[in-house]
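Next up, protein.cif (mmCIF, C-alpha atoms):
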```cif
data_coords
loop_
_atom_site.group_PDB
_atom_site.id
_atom_site.type_symbol
_atom_site.label_atom_id
_atom_site.label_comp_id
_atom_site.auth_asym_id
_atom_site.auth_seq_id
_atom_site.Cartn_x
_atom_site.Cartn_y
_atom_site.Cartn_z
ATOM 1 C CA MET A 1 55.678 62.071 135.935
ATOM 2 C CA LYS A 2 52.414 63.683 134.954
ATOM 3 C CA PRO A 3 51.836 67.342 135.865
ATOM 4 C CA VAL A 4 50.485 68.130 139.323
ATOM 5 C CA GLN A 5 47.004 69.661 139.055
ATOM 6 C CA GLY A 6 46.057 71.168 142.412
ATOM 7 C CA ARG A 7 46.381 71.315 146.178
ATOM 8 C CA ARG A 8 44.530 68.035 146.717
ATOM 9 C CA GLU A 9 46.926 66.278 144.403
ATOM 10 C CA PHE A 10 49.869 68.012 146.078
ATOM 11 C CA LEU A 11 48.816 66.481 149.373
ATOM 12 C CA GLN A 12 48.113 63.098 147.817
ATOM 13 C CA ILE A 13 51.546 63.049 146.217
ATOM 14 C CA ALA A 14 53.221 64.256 149.395
ATOM 15 C CA ALA A 15 51.443 61.626 151.474
ATOM 16 C CA ALA A 16 52.289 58.914 148.976
ATOM 17 C CA GLY A 17 55.902 60.033 148.889
ATOM 18 C CA ALA A 18 56.149 60.027 152.672
ATOM 19 C CA ALA A 19 54.428 56.642 153.001
ATOM 20 C CA THR A 20 56.650 55.133 150.327
ATOM 21 C CA ALA A 21 59.784 56.463 151.971
ATOM 22 C CA LEU A 22 58.662 55.196 155.375
ATOM 23 C CA ALA A 23 58.161 51.770 153.835
ATOM 24 C CA GLY A 24 61.750 51.755 152.599
ATOM 25 C CA SER A 25 61.036 52.061 148.914
ATOM 26 C CA PRO A 26 63.847 51.991 146.347
ATOM 27 C CA ALA A 27 65.906 55.171 146.352
ATOM 28 C CA LEU A 28 68.689 56.519 144.216
ATOM 29 C CA GLY A 29 72.040 54.848 144.891
ATOM 30 C CA LEU A 30 74.229 57.841 145.753
ATOM 31 C CA GLU A 31 77.418 58.201 147.738
ATOM 32 C CA ARG A 32 77.418 59.396 151.351
ATOM 33 C CA GLY A 33 80.827 61.026 151.180
ATOM 34 C CA GLY A 34 80.400 62.690 147.792
ATOM 35 C CA GLY A 35 82.888 63.361 145.050
ATOM 36 C CA ARG A 36 82.137 60.376 142.835
ATOM 37 C CA GLU A 37 79.806 60.486 139.865
ATOM 38 C CA ALA A 38 76.164 59.664 140.539
ATOM 39 C CA LYS A 39 75.232 56.059 139.763
ATOM 40 C CA ALA A 40 72.590 55.428 137.137
ATOM 41 C CA GLU A 41 71.144 52.321 138.791
ATOM 42 C CA VAL A 42 68.529 52.407 141.550
ATOM 43 C CA LEU A 43 69.328 50.725 144.863
ATOM 44 C CA SER A 44 67.303 50.131 148.016
ATOM 45 C CA ALA A 45 68.102 52.555 150.832
ATOM 46 C CA PRO A 46 66.379 52.954 154.210
ATOM 47 C CA PRO A 47 64.567 56.206 154.857
ATOM 48 C CA VAL A 48 65.766 58.654 157.475
ATOM 49 C CA ALA A 49 63.921 58.248 160.772
ATOM 50 C CA GLY A 50 62.880 61.799 161.578
ATOM 51 C CA ARG A 51 61.844 62.710 165.108
ATOM 52 C CA GLY A 52 59.710 65.405 166.631
ATOM 53 C CA GLU A 53 58.401 68.554 165.004
ATOM 54 C CA PRO A 54 60.332 70.603 162.419
ATOM 55 C CA LYS A 55 62.278 73.458 163.999
ATOM 56 C CA PHE A 56 63.076 75.034 160.641
ATOM 57 C CA GLU A 57 60.959 77.419 158.580
ATOM 58 C CA LEU A 58 60.561 77.900 154.846
ATOM 59 C CA GLY A 59 61.908 80.940 153.044
ATOM 60 C CA LEU A 60 63.015 82.264 149.671
ATOM 61 C CA ALA A 61 66.362 82.815 148.002
ATOM 62 C CA SER A 62 65.524 85.940 146.023
ATOM 63 C CA TYR A 63 67.538 84.780 143.006
ATOM 64 C CA THR A 64 64.296 82.943 142.207
ATOM 65 C CA LEU A 65 62.783 86.352 141.343
ATOM 66 C CA ARG A 66 65.883 87.778 139.656
ATOM 67 C CA LYS A 67 63.908 89.410 136.837
ATOM 68 C CA PHE A 68 61.883 91.546 139.272
ATOM 69 C CA ASP A 69 62.726 94.568 141.391
ATOM 70 C CA LEU A 70 62.738 94.523 145.193
ATOM 71 C CA ALA A 71 59.162 95.766 145.603
ATOM 72 C CA LYS A 72 57.782 93.088 143.279
ATOM 73 C CA THR A 73 60.000 90.446 144.890
ATOM 74 C CA ILE A 74 58.546 91.300 148.287
ATOM 75 C CA GLU A 75 55.017 91.134 146.863
ATOM 76 C CA LEU A 76 55.541 87.746 145.204
ATOM 77 C CA THR A 77 57.290 86.278 148.249
ATOM 78 C CA LYS A 78 54.251 87.136 150.333
ATOM 79 C CA ARG A 79 51.908 85.836 147.622
ATOM 80 C CA VAL A 80 53.315 82.310 147.954
ATOM 81 C CA GLY A 81 53.104 82.542 151.738
ATOM 82 C CA LEU A 82 56.793 82.710 152.646
ATOM 83 C CA LYS A 83 57.971 84.881 155.539
ATOM 84 C CA HIS A 84 61.772 84.699 155.323
ATOM 85 C CA ILE A 85 64.008 85.970 152.523
ATOM 86 C CA ALA A 86 67.688 86.091 151.602
ATOM 87 C CA LEU A 87 68.437 88.809 149.065
ATOM 88 C CA LYS A 88 70.644 88.417 146.021
ATOM 89 C CA ASP A 89 72.597 91.497 144.938
ATOM 90 C CA MET A 90 70.282 92.341 142.026
ATOM 91 C CA HIS A 91 67.691 93.189 144.690
ATOM 92 C CA LEU A 92 70.132 94.977 146.983
ATOM 93 C CA PRO A 93 73.505 95.665 145.328
ATOM 94 C CA LEU A 94 76.582 94.893 147.394
ATOM 95 C CA THR A 95 77.903 98.313 146.406
ATOM 96 C CA SER A 96 74.960 100.088 148.052
ATOM 97 C CA SER A 97 75.634 102.748 150.671
ATOM 98 C CA ARG A 98 74.825 102.034 154.299
ATOM 99 C CA ASP A 99 71.761 104.292 154.029
ATOM 100 C CA GLN A 100 70.548 102.444 150.921
ATOM 101 C CA ILE A 101 71.041 99.071 152.618
ATOM 102 C CA GLN A 102 69.139 100.166 155.704
ATOM 103 C CA ALA A 103 66.325 101.629 153.605
ATOM 104 C CA ALA A 104 65.941 98.350 151.700
ATOM 105 C CA ALA A 105 66.031 96.354 154.931
ATOM 106 C CA ALA A 106 63.309 98.612 156.346
ATOM 107 C CA GLN A 107 61.214 98.055 153.191
ATOM 108 C CA VAL A 108 61.434 94.290 153.731
ATOM 109 C CA LYS A 109 60.626 94.580 157.427
ATOM 110 C CA GLU A 110 57.652 96.860 156.792
ATOM 111 C CA ALA A 111 56.220 94.084 154.595
ATOM 112 C CA SER A 112 56.421 91.725 157.607
ATOM 113 C CA LEU A 113 59.203 89.671 156.039
ATOM 114 C CA ASP A 114 62.322 88.480 157.840
ATOM 115 C CA LEU A 115 65.460 89.541 155.960
ATOM 116 C CA TYR A 116 67.567 86.760 157.394
ATOM 117 C CA GLY A 117 70.447 86.699 154.922
ATOM 118 C CA CYS A 118 72.027 87.443 151.560
ATOM 119 C CA GLY A 119 73.606 85.476 148.790
ATOM 120 C CA VAL A 120 75.091 83.881 147.005
ATOM 121 C CA VAL A 121 77.986 86.319 147.603
ATOM 122 C CA TYR A 122 81.250 85.554 145.818
ATOM 123 C CA MET A 123 84.435 86.515 147.664
ATOM 124 C CA LYS A 124 87.621 86.592 145.608
ATOM 125 C CA ASN A 125 89.683 89.056 147.645
ATOM 126 C CA GLU A 126 89.898 90.577 151.115
ATOM 127 C CA ASP A 127 87.906 93.670 150.182
ATOM 128 C CA GLU A 128 84.981 91.540 149.039
ATOM 129 C CA VAL A 129 85.000 89.638 152.342
ATOM 130 C CA SER A 130 84.987 92.865 154.363
ATOM 131 C CA ARG A 131 82.279 94.387 152.170
ATOM 132 C CA ALA A 132 80.021 91.346 152.599
ATOM 133 C CA PHE A 133 80.164 91.491 156.388
ATOM 134 C CA GLU A 134 79.597 95.257 156.494
ATOM 135 C CA TYR A 135 76.643 94.843 154.112
ATOM 136 C CA ALA A 136 75.093 92.080 156.237
ATOM 137 C CA LYS A 137 75.619 94.046 159.432
ATOM 138 C CA ALA A 138 73.996 97.186 157.992
ATOM 139 C CA ALA A 139 70.960 95.148 156.896
ATOM 140 C CA GLY A 140 70.661 93.244 160.186
ATOM 141 C CA MET A 141 71.180 89.901 158.447
ATOM 142 C CA ARG A 142 72.111 86.757 160.375
ATOM 143 C CA VAL A 143 73.644 84.677 157.584
ATOM 144 C CA ILE A 144 75.808 85.337 154.534
ATOM 145 C CA ILE A 145 75.469 82.598 151.913
ATOM 146 C CA GLY A 146 78.857 82.850 150.304
ATOM 147 C CA VAL A 147 81.657 81.385 148.258
ATOM 148 C CA PRO A 148 84.996 82.547 149.686
ATOM 149 C CA GLN A 149 88.175 81.368 147.996
ATOM 150 C CA TYR A 150 90.206 78.964 150.129
ATOM 151 C CA GLU A 151 92.954 81.463 150.904
ATOM 152 C CA LEU A 152 90.371 83.849 152.362
ATOM 153 C CA LEU A 153 89.020 81.415 154.954
ATOM 154 C CA PRO A 154 91.346 82.678 157.745
ATOM 155 C CA LEU A 155 89.956 86.174 157.187
ATOM 156 C CA VAL A 156 86.401 84.825 157.141
ATOM 157 C CA ASP A 157 87.155 83.069 160.441
ATOM 158 C CA LYS A 158 88.227 86.414 161.902
ATOM 159 C CA MET A 159 85.154 88.198 160.527
ATOM 160 C CA VAL A 160 82.547 85.783 161.903
ATOM 161 C CA ARG A 161 84.073 86.269 165.344
ATOM 162 C CA GLU A 162 84.127 90.048 165.007
ATOM 163 C CA TYR A 163 80.628 90.474 163.532
ATOM 164 C CA ASP A 164 78.872 87.419 165.004
ATOM 165 C CA ILE A 165 77.303 86.774 161.587
ATOM 166 C CA LYS A 166 77.272 83.251 160.186
ATOM 167 C CA LEU A 167 78.737 82.418 156.800
ATOM 168 C CA ALA A 168 77.214 79.442 154.959
ATOM 169 C CA ILE A 169 79.340 78.138 152.089
ATOM 170 C CA HIS A 170 77.197 77.269 149.079
ATOM 171 C CA ASN A 171 78.095 74.217 146.987
ATOM 172 C CA HIS A 172 77.592 74.467 143.224
ATOM 173 C CA GLY A 173 77.827 70.868 142.062
ATOM 174 C CA PRO A 174 79.680 69.331 139.122
ATOM 175 C CA GLY A 175 81.788 71.822 137.234
ATOM 176 C CA ASP A 176 82.511 73.874 140.361
ATOM 177 C CA GLU A 177 86.187 73.462 141.161
ATOM 178 C CA THR A 178 85.952 75.246 144.527
ATOM 179 C CA TYR A 179 82.983 73.785 146.424
ATOM 180 C CA PRO A 180 81.175 71.148 144.339
ATOM 181 C CA LEU A 181 79.767 69.372 147.415
ATOM 182 C CA PRO A 182 79.022 70.098 151.078
ATOM 183 C CA SER A 183 81.795 67.618 151.914
ATOM 184 C CA THR A 184 84.310 69.743 149.993
ATOM 185 C CA ALA A 185 83.475 72.815 152.045
ATOM 186 C CA TYR A 186 83.302 70.860 155.298
ATOM 187 C CA GLU A 187 86.859 69.607 154.919
ATOM 188 C CA LYS A 188 88.064 73.194 154.528
ATOM 189 C CA ILE A 189 86.165 74.649 157.506
ATOM 190 C CA LYS A 190 85.859 71.856 160.070
ATOM 191 C CA ASP A 191 88.616 73.328 162.253
ATOM 192 C CA LEU A 192 87.414 76.926 161.959
ATOM 193 C CA ASP A 193 84.841 78.826 164.023
ATOM 194 C CA LYS A 194 81.507 77.001 163.995
ATOM 195 C CA ARG A 195 79.790 80.100 162.672
ATOM 196 C CA ILE A 196 81.399 79.153 159.349
ATOM 197 C CA GLY A 197 79.222 76.401 157.949
ATOM 198 C CA LEU A 198 77.314 75.170 154.930
ATOM 199 C CA CYS A 199 74.444 76.141 152.665
ATOM 200 C CA ASN A 200 73.469 72.754 151.272
ATOM 201 C CA ASP A 201 72.042 73.284 147.786
ATOM 202 C CA ILE A 202 70.356 69.906 147.477
ATOM 203 C CA GLY A 203 69.955 70.157 143.702
ATOM 204 C CA HIS A 204 73.679 70.647 143.142
ATOM 205 C CA THR A 205 74.441 68.022 145.812
ATOM 206 C CA ILE A 206 72.524 65.279 144.020
ATOM 207 C CA ARG A 207 73.884 66.328 140.614
ATOM 208 C CA ALA A 208 77.396 65.834 142.000
ATOM 209 C CA GLY A 209 76.641 62.298 143.166
ATOM 210 C CA MET A 210 75.723 62.636 146.827
ATOM 211 C CA ASP A 211 72.375 61.847 148.450
ATOM 212 C CA PRO A 212 71.091 65.168 149.891
ATOM 213 C CA ALA A 213 69.524 63.576 152.971
ATOM 214 C CA ALA A 214 72.731 61.701 153.731
ATOM 215 C CA SER A 215 74.778 64.883 153.344
ATOM 216 C CA ILE A 216 72.453 66.720 155.736
ATOM 217 C CA LEU A 217 72.922 64.006 158.339
ATOM 218 C CA GLU A 218 76.674 63.750 157.836
ATOM 219 C CA PHE A 219 77.430 67.461 158.009
ATOM 220 C CA GLY A 220 74.484 68.652 160.065
ATOM 221 C CA ASP A 221 76.639 70.108 162.822
ATOM 222 C CA ARG A 222 77.667 72.899 160.430
ATOM 223 C CA LEU A 223 74.452 73.386 158.464
ATOM 224 C CA HIS A 224 73.498 77.092 158.475
ATOM 225 C CA ASP A 225 71.239 77.305 155.405
ATOM 226 C CA VAL A 226 69.496 75.097 152.842
ATOM 227 C CA HIS A 227 68.555 75.766 149.228
ATOM 228 C CA ILE A 228 65.695 73.428 148.414
ATOM 229 C CA LYS A 229 64.861 72.524 144.817
ATOM 230 C CA ASP A 230 64.379 69.510 142.574
ATOM 231 C CA VAL A 231 66.202 68.372 139.444
ATOM 232 C CA SER A 232 65.451 66.084 136.542
ATOM 233 C CA ALA A 233 68.421 63.727 136.938
ATOM 234 C CA ALA A 234 70.935 62.703 139.619
ATOM 235 C CA ASP A 235 73.924 63.537 137.451
ATOM 236 C CA PRO A 236 75.441 66.609 135.774
ATOM 237 C CA SER A 237 72.705 66.587 133.122
ATOM 238 C CA GLY A 238 70.014 67.301 135.726
ATOM 239 C CA VAL A 239 68.127 70.570 135.295
ATOM 240 C CA GLU A 240 65.827 72.536 137.584
ATOM 241 C CA ILE A 241 62.262 71.293 137.820
ATOM 242 C CA GLU A 242 59.281 71.857 140.104
ATOM 243 C CA ILE A 243 59.704 70.185 143.501
ATOM 244 C CA GLY A 244 58.003 66.801 143.497
ATOM 245 C CA ARG A 245 58.504 66.204 139.762
ATOM 246 C CA GLY A 246 62.199 65.378 139.921
ATOM 247 C CA VAL A 247 64.519 62.782 141.424
ATOM 248 C CA ILE A 248 65.121 64.159 144.923
ATOM 249 C CA ASP A 249 63.455 62.315 147.795
ATOM 250 C CA ILE A 250 61.984 65.428 149.423
ATOM 251 C CA PRO A 251 60.318 63.556 152.346
ATOM 252 C CA ASN A 252 63.682 62.038 153.277
ATOM 253 C CA VAL A 253 65.358 65.456 153.054
ATOM 254 C CA MET A 254 62.747 66.869 155.438
ATOM 255 C CA ARG A 255 63.207 63.948 157.828
ATOM 256 C CA ALA A 256 66.958 64.468 157.816
ATOM 257 C CA LEU A 257 66.489 68.131 158.766
ATOM 258 C CA ILE A 258 64.181 67.092 161.604
ATOM 259 C CA GLU A 259 66.634 64.406 162.703
ATOM 260 C CA ILE A 260 69.482 66.907 163.142
ATOM 261 C CA ASN A 261 67.161 69.444 164.812
ATOM 262 C CA TYR A 262 67.927 71.994 162.116
ATOM 263 C CA ALA A 263 66.486 75.326 163.252
ATOM 264 C CA GLY A 264 67.454 77.588 160.351
ATOM 265 C CA ILE A 265 65.715 78.518 157.120
ATOM 266 C CA VAL A 266 65.036 76.193 154.182
ATOM 267 C CA SER A 267 64.882 78.549 151.202
ATOM 268 C CA PHE A 268 63.364 77.800 147.822
ATOM 269 C CA GLU A 269 65.767 78.617 145.013
ATOM 270 C CA TYR A 270 63.578 77.984 141.994
ATOM 271 C CA GLU A 271 65.742 78.713 138.967
ATOM 272 C CA LYS A 272 63.361 77.562 136.227
ATOM 273 C CA ASP A 273 61.047 79.959 134.351
ATOM 274 C CA ALA A 274 62.863 83.177 135.270
ATOM 275 C CA ASP A 275 60.331 85.349 133.418
ATOM 276 C CA ASP A 276 57.308 83.695 135.060
ATOM 277 C CA PRO A 277 58.463 81.754 138.133
ATOM 278 C CA VAL A 278 55.428 82.086 140.383
ATOM 279 C CA PRO A 279 53.406 79.070 139.152
ATOM 280 C CA GLY A 280 56.346 76.688 139.535
ATOM 281 C CA LEU A 281 57.431 78.285 142.809
ATOM 282 C CA ALA A 282 53.905 78.043 144.214
ATOM 283 C CA GLU A 283 53.711 74.398 143.146
ATOM 284 C CA SER A 284 57.040 73.710 144.845
ATOM 285 C CA VAL A 285 56.019 75.479 148.054
ATOM 286 C CA GLY A 286 52.708 73.627 148.103
ATOM 287 C CA TYR A 287 54.395 70.275 147.604
ATOM 288 C CA ALA A 288 56.950 70.916 150.359
ATOM 289 C CA ARG A 289 54.222 71.986 152.772
ATOM 290 C CA GLY A 290 52.208 68.910 151.870
ATOM 291 C CA VAL A 291 55.211 66.721 152.665
ATOM 292 C CA LEU A 292 55.727 68.445 156.011
ATOM 293 C CA ALA A 293 52.063 67.939 156.864
ATOM 294 C CA THR A 294 52.507 64.169 156.542
ATOM 295 C CA LEU A 295 55.651 63.790 158.667
#
```
Write out the structure in this file as structure tokens.
Amino acid sequence: MKPVQGRREFLQIAAAGAATALAGSPALGLERGGGREAKAEVLSAPPVAGRGEPKFELGLASYTLRKFDLAKTIELTKRVGLKHIALKDMHLPLTSSRDQIQAAAAQVKEASLDLYGCGVVYMKNEDEVSRAFEYAKAAGMRVIIGVPQYELLPLVDKMVREYDIKLAIHNHGPGDETYPLPSTAYEKIKDLDKRIGLCNDIGHTIRAGMDPAASILEFGDRLHDVHIKDVSAADPSGVEIEIGRGVIDIPNVMRALIEINYAGIVSFEYEKDADDPVPGLAESVGYARGVLATL
């Protein structure tokens, strides 16, 4: 695909993508239940029939700006027009004191940003689970995007009840033995408190062989967060690329979120160009907004 040149072309591409999807154009042949390797061939698949207006809002996973400090991260988040942010620990260390956490949260709030969550937070023992919930509580966060080991899920179940803070398990695609797909996490948590749910990283989902829109529909009752991105291939070789230039059917993903009445945050996690991410991030945000404008 040729490079996108400007806002007009963003909207043209978004409109074309939405119109094509509505017409039932060929889409990648991926599994609904996940787990199997992505197929190389292209099959016809009907688009998701979205309904109503989006209830979700766009935000940023601060890992996108991992080479910058918190002040610069706040500045750049506002520059691309996003109002919600989930902080990674390089911007607010998990080992911070309560006073340090509250000071950072105040800094975000004073910039008119919503500090809705944190992550990805890895949880390998009970102390790390407890620390994550105390950290989120001190910052006034609503969601922890996390990766708890299986044996810690009973403790997580107890914590979400005690703190009334959601935990969204993040899938990491092929090569991740714990939660490669949303379906993997869902099977582990489906009988636990509903505040334990999923962060569907659609890039990792498609790389592991599952259609992101289908996974959103199938597991939408436990969807607490979304990491939106695009990748170059629907298999383990896929790498991060600007949204709209890759293989993910972004209009269908947006329709799926509308269909399930998702009311959380859809956060850009743009992992390409760590030293200079703003151009690609801005392109991705513009494309996503263009898509939404056509639905």
- Select all residues near (70.1, 90.7, 164.9) (cut-off 9 Å, inclusive, file coordinates), counting only C-alpha atoms, and output them as a VMD selection string. chain A and resid 116 137 140 to 142 165
- Query: Can you list, as a PyMOL selection string, every protein, DNA or RNA residue that comes within 10 Å of segment 214-225 of chain A when you count all atoms listed in the file, leaving out same-chain residues fewer than 6 positions away?
  - Reply: chain A and resi 30-34+47-48+56+117+142-145+166-170+181-183+186+189-190+193-202+205-206+252-267
Kindly provide, as lines of an AutoDock Vina configuration file, the centre and edge lengths (Å, one decimal) of an axis-aligned box around all atoms of segment 261-277 of chain A given in the file, with 3 Å on each side.
```
center_x = 62.6
center_y = 77.4
center_z = 149.1
size_x = 16.6
size_y = 21.9
size_z = 37.4
```
- Item | Selected residue, from A:Asp114, A:Asp230, A:Glu53, A:Glu177, that lies nearest to His84 of chain A when counting all atoms listed in the file |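 Comparing A:Asp114, A:Asp230, A:Glu53, A:Glu177 against His84 of chain A, the winner is A:Asp114.
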- Message: Report, in Å to a single decimal, how far apart atom CA of Gly59 of chain A and atom CA of Gln100 of chain A are.
- Response: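 That distance, rounded to one decimal, is 23.3 Å.
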- Just how far from atom CA of Asp275 of chain A is atom CA of Arg66 of chain A, in Å to one decimal?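 These atoms are spaced 8.7 Å apart.
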- What does the distance from atom CA of Ser97 of chain A to atom CA of Leu76 of chain A come to in Å, to one decimal? 25.7 Å
Generate the missing atoms of segment 191-205 of chain A up to N, CA and C atoms and report them as a short mmCIF file (atom, residue, chain, number, x, y, z; two decimals), in the coordinates of the input.
```cif
data_model
loop_
_atom_site.label_atom_id
_atom_site.label_comp_id
_atom_site.auth_asym_id
_atom_site.auth_seq_id
_atom_site.Cartn_x
_atom_site.Cartn_y
_atom_site.Cartn_z
N ASP A 191 87.82 72.89 161.12
CA ASP A 191 88.62 73.33 162.25
C ASP A 191 88.50 74.83 162.52
N LEU A 192 87.62 75.49 161.79
CA LEU A 192 87.41 76.93 161.96
C LEU A 192 86.22 77.18 162.88
N ASP A 193 85.96 78.44 163.18
CA ASP A 193 84.84 78.83 164.02
C ASP A 193 83.55 78.20 163.50
N LYS A 194 82.72 77.71 164.40
CA LYS A 194 81.51 77.00 164.00
C LYS A 194 80.47 77.89 163.34
N ARG A 195 80.69 79.20 163.40
CA ARG A 195 79.79 80.10 162.67
C ARG A 195 80.06 80.07 161.17
N ILE A 196 81.15 79.43 160.77
CA ILE A 196 81.40 79.15 159.35
C ILE A 196 80.85 77.77 159.07
N GLY A 197 79.86 77.68 158.20
CA GLY A 197 79.22 76.40 157.95
C GLY A 197 78.83 76.23 156.49
N LEU A 198 77.70 75.58 156.27
CA LEU A 198 77.31 75.17 154.93
C LEU A 198 75.93 75.70 154.57
N CYS A 199 75.76 76.03 153.29
CA CYS A 199 74.44 76.14 152.66
C CYS A 199 74.34 74.95 151.72
N ASN A 200 73.59 73.96 152.09
CA ASN A 200 73.47 72.75 151.27
C ASN A 200 72.44 73.01 150.18
N ASP A 201 72.93 73.18 148.95
CA ASP A 201 72.04 73.28 147.79
C ASP A 201 71.78 71.86 147.33
N ILE A 202 70.59 71.34 147.67
CA ILE A 202 70.36 69.91 147.48
C ILE A 202 70.30 69.51 146.01
N GLY A 203 69.95 70.46 145.13
CA GLY A 203 69.96 70.16 143.70
C GLY A 203 71.37 69.92 143.19
N HIS A 204 72.28 70.81 143.55
CA HIS A 204 73.68 70.65 143.14
C HIS A 204 74.31 69.43 143.83
N THR A 205 73.89 69.16 145.08
CA THR A 205 74.44 68.02 145.81
C THR A 205 74.13 66.72 145.08
#
```
